[in-house]
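S.K.: Next comes the structure file run.txt, holding compact mmCIF, N, CA and C atoms.
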```
# COMPACT_ATOMS: atom_id res chain seq x y z
N MET A 1 -50.48 -115.86 -53.85
CA MET A 1 -50.41 -117.29 -54.08
C MET A 1 -49.08 -117.82 -53.51
N LYS A 2 -49.16 -118.88 -52.73
CA LYS A 2 -47.97 -119.49 -52.16
C LYS A 2 -47.19 -120.23 -53.25
N LEU A 3 -45.87 -120.26 -53.11
CA LEU A 3 -45.02 -120.94 -54.09
C LEU A 3 -45.34 -122.43 -54.16
N THR A 4 -45.62 -123.05 -53.03
CA THR A 4 -45.95 -124.47 -53.03
C THR A 4 -47.27 -124.74 -53.76
N ASP A 5 -48.20 -123.77 -53.72
CA ASP A 5 -49.47 -123.92 -54.44
C ASP A 5 -49.25 -123.91 -55.95
N ILE A 6 -48.30 -123.12 -56.40
CA ILE A 6 -47.99 -123.08 -57.84
C ILE A 6 -47.50 -124.45 -58.29
N VAL A 7 -46.57 -125.03 -57.55
CA VAL A 7 -46.02 -126.34 -57.91
C VAL A 7 -47.12 -127.40 -57.91
N LYS A 8 -48.04 -127.34 -56.96
CA LYS A 8 -49.14 -128.31 -56.88
C LYS A 8 -50.07 -128.22 -58.09
N GLN A 9 -50.14 -127.06 -58.72
CA GLN A 9 -51.03 -126.86 -59.86
C GLN A 9 -50.40 -127.22 -61.20
N LEU A 10 -49.13 -127.59 -61.20
CA LEU A 10 -48.48 -127.98 -62.45
C LEU A 10 -49.18 -129.19 -63.05
N PRO A 11 -49.35 -129.21 -64.38
CA PRO A 11 -50.05 -130.32 -65.02
C PRO A 11 -49.13 -131.52 -65.33
N TYR A 12 -48.17 -131.79 -64.46
CA TYR A 12 -47.20 -132.87 -64.68
C TYR A 12 -47.12 -133.74 -63.43
N SER A 13 -46.62 -134.95 -63.61
CA SER A 13 -46.35 -135.84 -62.48
C SER A 13 -45.08 -136.63 -62.79
N GLU A 14 -44.56 -137.32 -61.79
CA GLU A 14 -43.39 -138.17 -61.99
C GLU A 14 -43.74 -139.20 -63.06
N PRO A 15 -42.87 -139.51 -63.96
CA PRO A 15 -41.47 -139.13 -64.04
C PRO A 15 -41.21 -137.89 -64.92
N PHE A 16 -42.28 -137.13 -65.23
CA PHE A 16 -42.09 -135.99 -66.12
C PHE A 16 -42.27 -134.65 -65.42
N LEU A 17 -42.14 -134.62 -64.12
CA LEU A 17 -42.17 -133.38 -63.35
C LEU A 17 -40.73 -132.96 -63.09
N PHE A 18 -40.32 -131.79 -63.57
CA PHE A 18 -38.95 -131.32 -63.44
C PHE A 18 -38.87 -130.04 -62.61
N VAL A 19 -39.65 -130.00 -61.54
CA VAL A 19 -39.63 -128.87 -60.60
C VAL A 19 -39.59 -129.46 -59.20
N ASP A 20 -38.53 -129.18 -58.46
CA ASP A 20 -38.47 -129.60 -57.06
C ASP A 20 -38.99 -128.50 -56.14
N GLU A 21 -38.60 -127.26 -56.43
CA GLU A 21 -38.94 -126.16 -55.53
C GLU A 21 -38.94 -124.84 -56.27
N LEU A 22 -39.91 -124.01 -55.95
CA LEU A 22 -39.90 -122.62 -56.42
C LEU A 22 -39.34 -121.76 -55.29
N LEU A 23 -38.38 -120.93 -55.63
CA LEU A 23 -37.74 -120.07 -54.63
C LEU A 23 -38.32 -118.66 -54.63
N HIS A 24 -38.84 -118.22 -55.78
CA HIS A 24 -39.34 -116.86 -55.92
C HIS A 24 -40.30 -116.80 -57.10
N ALA A 25 -41.33 -115.99 -56.97
CA ALA A 25 -42.24 -115.71 -58.09
C ALA A 25 -42.84 -114.33 -57.88
N ASP A 26 -42.83 -113.53 -58.94
CA ASP A 26 -43.53 -112.25 -58.95
C ASP A 26 -43.97 -111.97 -60.38
N GLU A 27 -44.56 -110.81 -60.62
CA GLU A 27 -45.11 -110.51 -61.94
C GLU A 27 -44.04 -110.40 -63.02
N ASN A 28 -42.77 -110.38 -62.64
CA ASN A 28 -41.70 -110.24 -63.63
C ASN A 28 -40.92 -111.52 -63.90
N GLY A 29 -41.09 -112.54 -63.06
CA GLY A 29 -40.34 -113.77 -63.29
C GLY A 29 -40.39 -114.73 -62.12
N VAL A 30 -39.68 -115.86 -62.30
CA VAL A 30 -39.62 -116.90 -61.26
C VAL A 30 -38.21 -117.45 -61.16
N ILE A 31 -37.95 -118.10 -60.02
CA ILE A 31 -36.71 -118.84 -59.80
C ILE A 31 -37.09 -120.16 -59.17
N GLY A 32 -36.55 -121.25 -59.70
CA GLY A 32 -36.85 -122.57 -59.16
C GLY A 32 -35.69 -123.53 -59.36
N THR A 33 -35.77 -124.69 -58.70
CA THR A 33 -34.69 -125.68 -58.77
C THR A 33 -35.20 -127.06 -59.14
N TYR A 34 -34.27 -127.87 -59.62
CA TYR A 34 -34.54 -129.29 -59.89
C TYR A 34 -33.22 -130.06 -59.82
N THR A 35 -33.27 -131.26 -59.24
CA THR A 35 -32.11 -132.16 -59.22
C THR A 35 -32.43 -133.35 -60.11
N TYR A 36 -31.56 -133.62 -61.08
CA TYR A 36 -31.73 -134.74 -62.00
C TYR A 36 -31.25 -136.02 -61.32
N LYS A 37 -32.18 -136.82 -60.87
CA LYS A 37 -31.85 -138.05 -60.16
C LYS A 37 -31.21 -139.06 -61.10
N GLU A 38 -30.21 -139.77 -60.63
CA GLU A 38 -29.44 -140.68 -61.48
C GLU A 38 -30.25 -141.86 -62.01
N ASN A 39 -31.40 -142.16 -61.40
CA ASN A 39 -32.20 -143.30 -61.86
C ASN A 39 -33.21 -142.93 -62.95
N LEU A 40 -33.18 -141.70 -63.46
CA LEU A 40 -34.11 -141.32 -64.53
C LEU A 40 -33.81 -142.16 -65.77
N ASP A 41 -34.87 -142.62 -66.41
CA ASP A 41 -34.77 -143.58 -67.51
C ASP A 41 -33.86 -143.14 -68.66
N PHE A 42 -33.89 -141.86 -69.01
CA PHE A 42 -33.13 -141.43 -70.18
C PHE A 42 -31.62 -141.56 -70.00
N TYR A 43 -31.15 -141.65 -68.75
CA TYR A 43 -29.70 -141.80 -68.53
C TYR A 43 -29.19 -143.18 -68.95
N LYS A 44 -30.08 -144.15 -69.09
CA LYS A 44 -29.66 -145.50 -69.48
C LYS A 44 -29.06 -145.54 -70.88
N GLY A 45 -29.45 -144.60 -71.75
CA GLY A 45 -28.95 -144.66 -73.12
C GLY A 45 -28.38 -143.35 -73.64
N HIS A 46 -28.29 -142.34 -72.81
CA HIS A 46 -27.81 -141.03 -73.27
C HIS A 46 -26.71 -140.54 -72.36
N PHE A 47 -25.56 -140.82 -72.55
CA PHE A 47 -24.86 -141.61 -73.53
C PHE A 47 -24.29 -142.87 -72.88
N LYS A 48 -23.98 -143.88 -73.65
CA LYS A 48 -23.47 -145.15 -73.14
C LYS A 48 -22.20 -144.90 -72.31
N ASP A 49 -22.24 -145.36 -71.06
CA ASP A 49 -21.11 -145.25 -70.12
C ASP A 49 -20.73 -143.82 -69.76
N ASN A 50 -21.50 -142.82 -70.19
CA ASN A 50 -21.24 -141.42 -69.84
C ASN A 50 -22.56 -140.66 -69.86
N PRO A 51 -23.45 -140.91 -68.89
CA PRO A 51 -24.77 -140.30 -68.93
C PRO A 51 -24.74 -138.77 -68.84
N VAL A 52 -25.50 -138.16 -69.75
CA VAL A 52 -25.63 -136.70 -69.83
C VAL A 52 -27.12 -136.40 -70.01
N THR A 53 -27.59 -135.34 -69.36
CA THR A 53 -28.99 -134.96 -69.49
C THR A 53 -29.26 -134.43 -70.90
N PRO A 54 -30.23 -135.00 -71.62
CA PRO A 54 -30.53 -134.54 -72.98
C PRO A 54 -30.99 -133.08 -73.00
N GLY A 55 -30.64 -132.38 -74.06
CA GLY A 55 -31.02 -130.98 -74.23
C GLY A 55 -32.52 -130.77 -74.19
N VAL A 56 -33.27 -131.72 -74.71
CA VAL A 56 -34.73 -131.58 -74.71
C VAL A 56 -35.27 -131.62 -73.27
N ILE A 57 -34.61 -132.37 -72.39
CA ILE A 57 -35.02 -132.42 -70.98
C ILE A 57 -34.63 -131.12 -70.28
N LEU A 58 -33.46 -130.57 -70.60
CA LEU A 58 -33.08 -129.27 -70.04
C LEU A 58 -34.08 -128.21 -70.47
N THR A 59 -34.48 -128.25 -71.73
CA THR A 59 -35.46 -127.30 -72.26
C THR A 59 -36.79 -127.46 -71.54
N GLU A 60 -37.23 -128.70 -71.35
CA GLU A 60 -38.49 -128.96 -70.66
C GLU A 60 -38.44 -128.46 -69.21
N THR A 61 -37.32 -128.65 -68.55
CA THR A 61 -37.17 -128.17 -67.17
C THR A 61 -37.28 -126.65 -67.13
N MET A 62 -36.61 -125.99 -68.07
CA MET A 62 -36.68 -124.53 -68.13
C MET A 62 -38.10 -124.07 -68.43
N ALA A 63 -38.80 -124.80 -69.28
CA ALA A 63 -40.19 -124.43 -69.62
C ALA A 63 -41.11 -124.64 -68.42
N GLN A 64 -40.96 -125.77 -67.70
CA GLN A 64 -41.83 -126.03 -66.56
C GLN A 64 -41.64 -124.98 -65.46
N ILE A 65 -40.37 -124.68 -65.15
CA ILE A 65 -40.11 -123.70 -64.10
C ILE A 65 -40.33 -122.28 -64.62
N GLY A 66 -39.66 -121.97 -65.73
CA GLY A 66 -39.61 -120.59 -66.19
C GLY A 66 -40.83 -120.07 -66.89
N MET A 67 -41.61 -120.96 -67.50
CA MET A 67 -42.77 -120.49 -68.24
C MET A 67 -44.08 -120.94 -67.59
N VAL A 68 -44.24 -122.23 -67.30
CA VAL A 68 -45.51 -122.73 -66.77
C VAL A 68 -45.74 -122.21 -65.35
N CYS A 69 -44.72 -122.30 -64.49
CA CYS A 69 -44.89 -121.77 -63.13
C CYS A 69 -45.18 -120.27 -63.16
N LEU A 70 -44.49 -119.55 -64.04
CA LEU A 70 -44.76 -118.12 -64.18
C LEU A 70 -46.18 -117.88 -64.68
N GLY A 71 -46.62 -118.66 -65.66
CA GLY A 71 -47.98 -118.53 -66.18
C GLY A 71 -49.03 -118.77 -65.11
N ILE A 72 -48.81 -119.79 -64.28
CA ILE A 72 -49.74 -120.08 -63.19
C ILE A 72 -49.79 -118.90 -62.21
N PHE A 73 -48.61 -118.35 -61.88
CA PHE A 73 -48.57 -117.20 -60.98
C PHE A 73 -49.31 -116.01 -61.58
N LEU A 74 -49.06 -115.73 -62.86
CA LEU A 74 -49.68 -114.58 -63.51
C LEU A 74 -51.19 -114.72 -63.62
N LEU A 75 -51.67 -115.94 -63.85
CA LEU A 75 -53.11 -116.16 -63.95
C LEU A 75 -53.79 -116.08 -62.58
N GLY A 76 -53.10 -116.51 -61.54
CA GLY A 76 -53.65 -116.44 -60.19
C GLY A 76 -55.02 -117.06 -60.09
N ASN A 77 -56.01 -116.28 -59.67
CA ASN A 77 -57.37 -116.78 -59.48
C ASN A 77 -58.09 -117.09 -60.78
N GLU A 78 -57.56 -116.64 -61.91
CA GLU A 78 -58.19 -116.93 -63.20
C GLU A 78 -57.90 -118.35 -63.68
N LEU A 79 -56.93 -119.01 -63.05
CA LEU A 79 -56.57 -120.38 -63.40
C LEU A 79 -57.71 -121.31 -63.02
N GLY A 80 -58.17 -122.09 -63.98
CA GLY A 80 -59.27 -123.02 -63.71
C GLY A 80 -58.98 -124.37 -64.30
N GLU A 81 -59.88 -125.31 -64.09
CA GLU A 81 -59.66 -126.66 -64.59
C GLU A 81 -59.71 -126.73 -66.11
N ASN A 82 -60.28 -125.72 -66.76
CA ASN A 82 -60.32 -125.69 -68.22
C ASN A 82 -59.14 -124.92 -68.84
N THR A 83 -58.22 -124.45 -68.00
CA THR A 83 -57.06 -123.71 -68.49
C THR A 83 -56.02 -124.67 -69.04
N VAL A 84 -55.49 -124.35 -70.20
CA VAL A 84 -54.44 -125.15 -70.83
C VAL A 84 -53.25 -124.24 -71.08
N ILE A 85 -52.08 -124.67 -70.61
CA ILE A 85 -50.85 -123.94 -70.87
C ILE A 85 -50.03 -124.78 -71.83
N ALA A 86 -49.78 -124.25 -73.03
CA ALA A 86 -49.09 -125.00 -74.07
C ALA A 86 -47.77 -124.34 -74.44
N PHE A 87 -46.74 -125.15 -74.52
CA PHE A 87 -45.41 -124.71 -74.93
C PHE A 87 -45.42 -124.53 -76.44
N THR A 88 -45.03 -123.36 -76.94
CA THR A 88 -45.10 -123.12 -78.38
C THR A 88 -43.75 -122.98 -79.07
N SER A 89 -42.72 -122.46 -78.37
CA SER A 89 -41.42 -122.34 -79.03
C SER A 89 -40.30 -122.14 -78.03
N ALA A 90 -39.09 -122.50 -78.47
CA ALA A 90 -37.89 -122.30 -77.67
C ALA A 90 -36.72 -122.02 -78.60
N ASP A 91 -35.92 -121.06 -78.23
CA ASP A 91 -34.67 -120.77 -78.93
C ASP A 91 -33.58 -120.93 -77.88
N MET A 92 -32.91 -122.09 -77.88
CA MET A 92 -32.01 -122.46 -76.80
C MET A 92 -30.55 -122.45 -77.23
N GLU A 93 -29.70 -122.19 -76.25
CA GLU A 93 -28.25 -122.30 -76.42
C GLU A 93 -27.74 -123.16 -75.26
N PHE A 94 -27.06 -124.25 -75.60
CA PHE A 94 -26.53 -125.18 -74.61
C PHE A 94 -25.04 -124.93 -74.45
N LEU A 95 -24.59 -124.73 -73.19
CA LEU A 95 -23.23 -124.29 -72.92
C LEU A 95 -22.38 -125.32 -72.19
N LYS A 96 -22.98 -126.09 -71.30
CA LYS A 96 -22.25 -127.09 -70.51
C LYS A 96 -23.15 -128.31 -70.30
N PRO A 97 -22.55 -129.49 -70.15
CA PRO A 97 -23.36 -130.67 -69.87
C PRO A 97 -23.89 -130.65 -68.44
N VAL A 98 -25.02 -131.34 -68.26
CA VAL A 98 -25.60 -131.55 -66.94
C VAL A 98 -25.64 -133.06 -66.71
N TYR A 99 -25.06 -133.50 -65.60
CA TYR A 99 -24.91 -134.91 -65.30
C TYR A 99 -25.92 -135.38 -64.25
N PRO A 100 -26.06 -136.70 -64.10
CA PRO A 100 -26.94 -137.22 -63.06
C PRO A 100 -26.57 -136.67 -61.68
N ASN A 101 -27.58 -136.44 -60.87
CA ASN A 101 -27.46 -135.93 -59.50
C ASN A 101 -27.06 -134.47 -59.42
N GLU A 102 -27.04 -133.75 -60.54
CA GLU A 102 -26.76 -132.31 -60.51
C GLU A 102 -28.04 -131.55 -60.21
N LYS A 103 -27.90 -130.55 -59.37
CA LYS A 103 -29.01 -129.64 -59.06
C LYS A 103 -28.82 -128.38 -59.90
N VAL A 104 -29.89 -127.97 -60.55
CA VAL A 104 -29.85 -126.76 -61.37
C VAL A 104 -30.85 -125.74 -60.83
N THR A 105 -30.58 -124.48 -61.14
CA THR A 105 -31.49 -123.40 -60.79
C THR A 105 -31.87 -122.68 -62.08
N VAL A 106 -33.16 -122.50 -62.27
CA VAL A 106 -33.69 -121.80 -63.44
C VAL A 106 -34.21 -120.44 -62.99
N THR A 107 -33.77 -119.41 -63.70
CA THR A 107 -34.26 -118.05 -63.48
C THR A 107 -34.93 -117.60 -64.77
N SER A 108 -36.15 -117.14 -64.65
CA SER A 108 -36.92 -116.71 -65.81
C SER A 108 -37.35 -115.26 -65.64
N GLU A 109 -37.29 -114.51 -66.72
CA GLU A 109 -37.71 -113.11 -66.72
C GLU A 109 -38.76 -112.92 -67.81
N LYS A 110 -39.92 -112.43 -67.42
CA LYS A 110 -41.02 -112.22 -68.37
C LYS A 110 -40.63 -111.14 -69.37
N LEU A 111 -40.79 -111.45 -70.66
CA LEU A 111 -40.65 -110.45 -71.71
C LEU A 111 -41.99 -109.79 -71.98
N PHE A 112 -43.03 -110.63 -72.12
CA PHE A 112 -44.39 -110.10 -72.21
C PHE A 112 -45.41 -111.18 -71.92
N PHE A 113 -46.59 -110.74 -71.50
CA PHE A 113 -47.74 -111.60 -71.28
C PHE A 113 -48.96 -110.82 -71.73
N ARG A 114 -49.45 -111.14 -72.92
CA ARG A 114 -50.63 -110.45 -73.45
C ARG A 114 -51.35 -111.35 -74.45
N PHE A 115 -52.65 -111.19 -74.53
CA PHE A 115 -53.50 -111.97 -75.42
C PHE A 115 -53.27 -113.48 -75.27
N GLY A 116 -53.00 -113.91 -74.04
CA GLY A 116 -52.81 -115.32 -73.76
C GLY A 116 -51.44 -115.86 -74.14
N LYS A 117 -50.54 -115.02 -74.59
CA LYS A 117 -49.20 -115.48 -74.96
C LYS A 117 -48.19 -114.98 -73.93
N LEU A 118 -47.37 -115.93 -73.45
CA LEU A 118 -46.31 -115.62 -72.49
C LEU A 118 -44.97 -115.91 -73.14
N LYS A 119 -44.07 -114.95 -73.05
CA LYS A 119 -42.72 -115.11 -73.60
C LYS A 119 -41.73 -114.66 -72.53
N CYS A 120 -40.66 -115.44 -72.34
CA CYS A 120 -39.70 -115.09 -71.31
C CYS A 120 -38.28 -115.53 -71.67
N ASN A 121 -37.32 -114.85 -71.07
CA ASN A 121 -35.91 -115.25 -71.12
C ASN A 121 -35.68 -116.18 -69.95
N ALA A 122 -34.93 -117.26 -70.16
CA ALA A 122 -34.64 -118.18 -69.07
C ALA A 122 -33.17 -118.57 -69.10
N VAL A 123 -32.61 -118.74 -67.91
CA VAL A 123 -31.22 -119.16 -67.74
C VAL A 123 -31.20 -120.30 -66.74
N MET A 124 -30.42 -121.34 -67.05
CA MET A 124 -30.22 -122.45 -66.13
C MET A 124 -28.76 -122.45 -65.70
N LYS A 125 -28.54 -122.54 -64.37
CA LYS A 125 -27.19 -122.59 -63.82
C LYS A 125 -27.01 -123.84 -62.97
N ASN A 126 -25.78 -124.34 -62.94
CA ASN A 126 -25.47 -125.47 -62.08
C ASN A 126 -25.16 -124.96 -60.67
N GLU A 127 -24.83 -125.87 -59.76
CA GLU A 127 -24.57 -125.46 -58.37
C GLU A 127 -23.34 -124.59 -58.23
N ALA A 128 -22.42 -124.65 -59.20
CA ALA A 128 -21.23 -123.79 -59.18
C ALA A 128 -21.55 -122.39 -59.69
N GLY A 129 -22.80 -122.16 -60.11
CA GLY A 129 -23.20 -120.85 -60.62
C GLY A 129 -22.87 -120.64 -62.08
N GLN A 130 -22.48 -121.70 -62.78
CA GLN A 130 -22.14 -121.59 -64.20
C GLN A 130 -23.39 -121.79 -65.05
N GLU A 131 -23.52 -120.97 -66.09
CA GLU A 131 -24.64 -121.15 -67.01
C GLU A 131 -24.45 -122.44 -67.78
N VAL A 132 -25.49 -123.28 -67.78
CA VAL A 132 -25.44 -124.50 -68.58
C VAL A 132 -26.28 -124.37 -69.84
N CYS A 133 -27.31 -123.54 -69.79
CA CYS A 133 -28.07 -123.23 -71.00
C CYS A 133 -28.91 -121.98 -70.75
N ARG A 134 -29.36 -121.40 -71.85
CA ARG A 134 -30.20 -120.20 -71.78
C ARG A 134 -31.03 -120.15 -73.05
N GLY A 135 -32.12 -119.39 -72.98
CA GLY A 135 -32.95 -119.30 -74.16
C GLY A 135 -34.18 -118.45 -73.95
N VAL A 136 -34.94 -118.34 -75.03
CA VAL A 136 -36.22 -117.63 -75.02
C VAL A 136 -37.30 -118.68 -75.18
N LEU A 137 -38.25 -118.69 -74.26
CA LEU A 137 -39.35 -119.66 -74.26
C LEU A 137 -40.67 -118.93 -74.46
N ALA A 138 -41.59 -119.59 -75.15
CA ALA A 138 -42.90 -118.98 -75.38
C ALA A 138 -43.98 -120.04 -75.23
N GLY A 139 -45.16 -119.59 -74.83
CA GLY A 139 -46.29 -120.49 -74.68
C GLY A 139 -47.60 -119.73 -74.78
N MET A 140 -48.67 -120.51 -74.92
CA MET A 140 -50.02 -119.96 -75.00
C MET A 140 -50.83 -120.46 -73.81
N ILE A 141 -51.67 -119.58 -73.30
CA ILE A 141 -52.58 -119.96 -72.22
C ILE A 141 -53.99 -119.79 -72.76
N THR A 142 -54.71 -120.91 -72.86
CA THR A 142 -56.05 -120.89 -73.44
C THR A 142 -57.01 -121.68 -72.56
N LYS A 143 -58.25 -121.70 -72.96
CA LYS A 143 -59.28 -122.49 -72.28
C LYS A 143 -59.69 -123.65 -73.17
N LYS A 144 -59.93 -124.83 -72.56
CA LYS A 144 -60.46 -125.97 -73.32
C LYS A 144 -61.85 -125.61 -73.80
N LEU A 145 -62.17 -126.07 -74.97
CA LEU A 145 -63.52 -125.83 -75.49
C LEU A 145 -64.46 -126.93 -75.10
```
Rewrite the structure from the file as structure tokens, please.
M.R.:
Amino acid sequence: MKLTDIVKQLPYSEPFLFVDELLHADENGVIGTYTYKENLDFYKGHFKDNPVTPGVILTETMAQIGMVCLGIFLLGNELGENTVIAFTSADMEFLKPVYPNEKVTVTSEKLFFRFGKLKCNAVMKNEAGQEVCRGVLAGMITKKL
């Protein structure tokens, strides 16, 4: 499966798509990037006169790249229109702020994928290579009834 095909299959669109590019994907993990554009709506109020990317958005970015893209890769040809990938839990640690126009790289490593449950370690780094957050993400892959 081509990396661009994985991104095309994501169940998100602007303004809630937080994947610009996948750099690598295999059965053990993925690497991808996203740049937080300064015109994103949440910067208008988080925080006044000092915009910072909310932790929930950082978590969502890590989940989209590190878990959903990995899930799509792992499912491969089994992925169908009735497939649902649901985010179930995150245990996050936030280390540095992420500002508008910053590009981040997410690296995810699969812990396990069995019985429709995917769990992985994920790390987000800024362009200077500094960790801005890390955590354990989990999700379920099921079929619509």
S.K.: List the spatial neighbours of Glu102 (chain A) as a ChimeraX atom specification - criterion: any atom at most 6.5 Å away, all atoms listed in the file, same-chain residues fewer than 4 positions off excluded.
M.R.: /A:34-37,98
S.K.: Write a file of the selected residues as a JSON list (two decimals), keeping the file's coordinate frame, keeping N, CA and C atoms.
M.R.:
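Written out: selection18.json:
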```json
[["chain", "number", "residue", "atom", "x", "y", "z"],
["A", 34, "TYR", "N", -34.27, -127.87, -59.62],
["A", 34, "TYR", "CA", -34.54, -129.29, -59.89],
["A", 34, "TYR", "C", -33.22, -130.06, -59.82],
["A", 35, "THR", "N", -33.27, -131.26, -59.24],
["A", 35, "THR", "CA", -32.11, -132.16, -59.22],
["A", 35, "THR", "C", -32.43, -133.35, -60.11],
["A", 36, "TYR", "N", -31.56, -133.62, -61.08],
["A", 36, "TYR", "CA", -31.73, -134.74, -62.00],
["A", 36, "TYR", "C", -31.25, -136.02, -61.32],
["A", 37, "LYS", "N", -32.18, -136.82, -60.87],
["A", 37, "LYS", "CA", -31.85, -138.05, -60.16],
["A", 37, "LYS", "C", -31.21, -139.06, -61.10],
["A", 98, "VAL", "N", -25.02, -131.34, -68.26],
["A", 98, "VAL", "CA", -25.60, -131.55, -66.94],
["A", 98, "VAL", "C", -25.64, -133.06, -66.71]]
```
S.K.: Could you give me, as a compact mmCIF listing (two decimals) with N, CA and C atoms, in the frame of the given file, the residues within 12 Å of Phe112 (chain A), counting only C-alpha atoms and dropping anything in the same chain fewer than 6 positions from it?
M.R.:
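Okay, this is what ended up in part02.txt:
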```txt
# COMPACT_ATOMS: atom_id res chain seq x y z
N GLU A 27 -44.56 -110.81 -60.62
CA GLU A 27 -45.11 -110.51 -61.94
C GLU A 27 -44.04 -110.40 -63.02
N ASN A 28 -42.77 -110.38 -62.64
CA ASN A 28 -41.70 -110.24 -63.63
C ASN A 28 -40.92 -111.52 -63.90
N GLY A 29 -41.09 -112.54 -63.06
CA GLY A 29 -40.34 -113.77 -63.29
C GLY A 29 -40.39 -114.73 -62.12
N MET A 67 -41.61 -120.96 -67.50
CA MET A 67 -42.77 -120.49 -68.24
C MET A 67 -44.08 -120.94 -67.59
N LEU A 70 -44.49 -119.55 -64.04
CA LEU A 70 -44.76 -118.12 -64.18
C LEU A 70 -46.18 -117.88 -64.68
N GLY A 71 -46.62 -118.66 -65.66
CA GLY A 71 -47.98 -118.53 -66.18
C GLY A 71 -49.03 -118.77 -65.11
N LEU A 74 -49.06 -115.73 -62.86
CA LEU A 74 -49.68 -114.58 -63.51
C LEU A 74 -51.19 -114.72 -63.62
N LEU A 118 -47.37 -115.93 -73.45
CA LEU A 118 -46.31 -115.62 -72.49
C LEU A 118 -44.97 -115.91 -73.14
N LYS A 119 -44.07 -114.95 -73.05
CA LYS A 119 -42.72 -115.11 -73.60
C LYS A 119 -41.73 -114.66 -72.53
N CYS A 120 -40.66 -115.44 -72.34
CA CYS A 120 -39.70 -115.09 -71.31
C CYS A 120 -38.28 -115.53 -71.67
N ASN A 121 -37.32 -114.85 -71.07
CA ASN A 121 -35.91 -115.25 -71.12
C ASN A 121 -35.68 -116.18 -69.95
N VAL A 136 -34.94 -118.34 -75.03
CA VAL A 136 -36.22 -117.63 -75.02
C VAL A 136 -37.30 -118.68 -75.18
N LEU A 137 -38.25 -118.69 -74.26
CA LEU A 137 -39.35 -119.66 -74.26
C LEU A 137 -40.67 -118.93 -74.46
N ALA A 138 -41.59 -119.59 -75.15
CA ALA A 138 -42.90 -118.98 -75.38
C ALA A 138 -43.98 -120.04 -75.23
N GLY A 139 -45.16 -119.59 -74.83
CA GLY A 139 -46.29 -120.49 -74.68
C GLY A 139 -47.60 -119.73 -74.78
N MET A 140 -48.67 -120.51 -74.92
CA MET A 140 -50.02 -119.96 -75.00
C MET A 140 -50.83 -120.46 -73.81
```
S.K.: One decimal, in Å: what's the spacing between atom N of Phe73 (chain A) and atom C of Thr59 (chain A)?
M.R.: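 Between atom N of Phe73 (chain A) and atom C of Thr59 (chain A) the gap is 17.8 Å.
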S.K.: When distances are computed from all atoms listed in the file, which of A:Tyr43, A:Leu58, A:Glu38, A:Thr33 shows the smallest separation from Cys133 (chain A)?
M.R.: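 Once distances to Cys133 (chain A) are computed over all atoms listed in the file, the minimum belongs to A:Leu58.
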S.K.: Measure the distance from atom C of Leu3 (chain A) to atom C of Phe18 (chain A) in Å and round it to one decimal.
M.R.: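 Those two atoms sit 13.1 Å apart.
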S.K.: Can you measure atom C of Glu109 (chain A) to CA of Ala122 (chain A) for me? One decimal in Å is fine.
M.R.: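 These atoms are spaced 6.8 Å apart.
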S.K.: Within region 49-128 of chain A, find each residue whose DSSP state, derived from the backbone, is strand (DSSP E or B), and express the selection as a ChimeraX atom specification.
M.R.: /A:83-94,103-114,117-125
S.K.: Go through chain A and collect every residue that DSSP, computed from the backbone, puts in alpha helix (DSSP H); the answer should be as a ChimeraX atom specification.
M.R.: /A:3-8,55-63,70-75
S.K.: Taking (-36.1, -116.1, -61.0) in the coordinates of the supplied file, I want to know which residues reach to within 8 Å of it, counting all atoms listed in the file; could you give the answer as a PyMOL selection string?
M.R.: chain A and resi 23-26+28-32+66+105-109
S.K.: Extract, using only C-alpha atoms, all DNA, RNA and protein residues at most 12 Å from Lys8 (chain A), discarding same-chain residues fewer than 5 positions from it, and format them as a list in words.
M.R.: Met1, Lys2, Leu3, Ser13, Leu17, Val19, Asp20, Glu21, Leu22, Val68, Cys69, Ile72 and Phe73 of chain A
S.K.: Between A:Lys96, A:Ala86, A:Val104, A:Lys110, which one has atoms that come closest to Val132 (chain A), using all atoms listed in the file?
M.R.: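 Under the stated criterion, the closest residue is A:Lys96.
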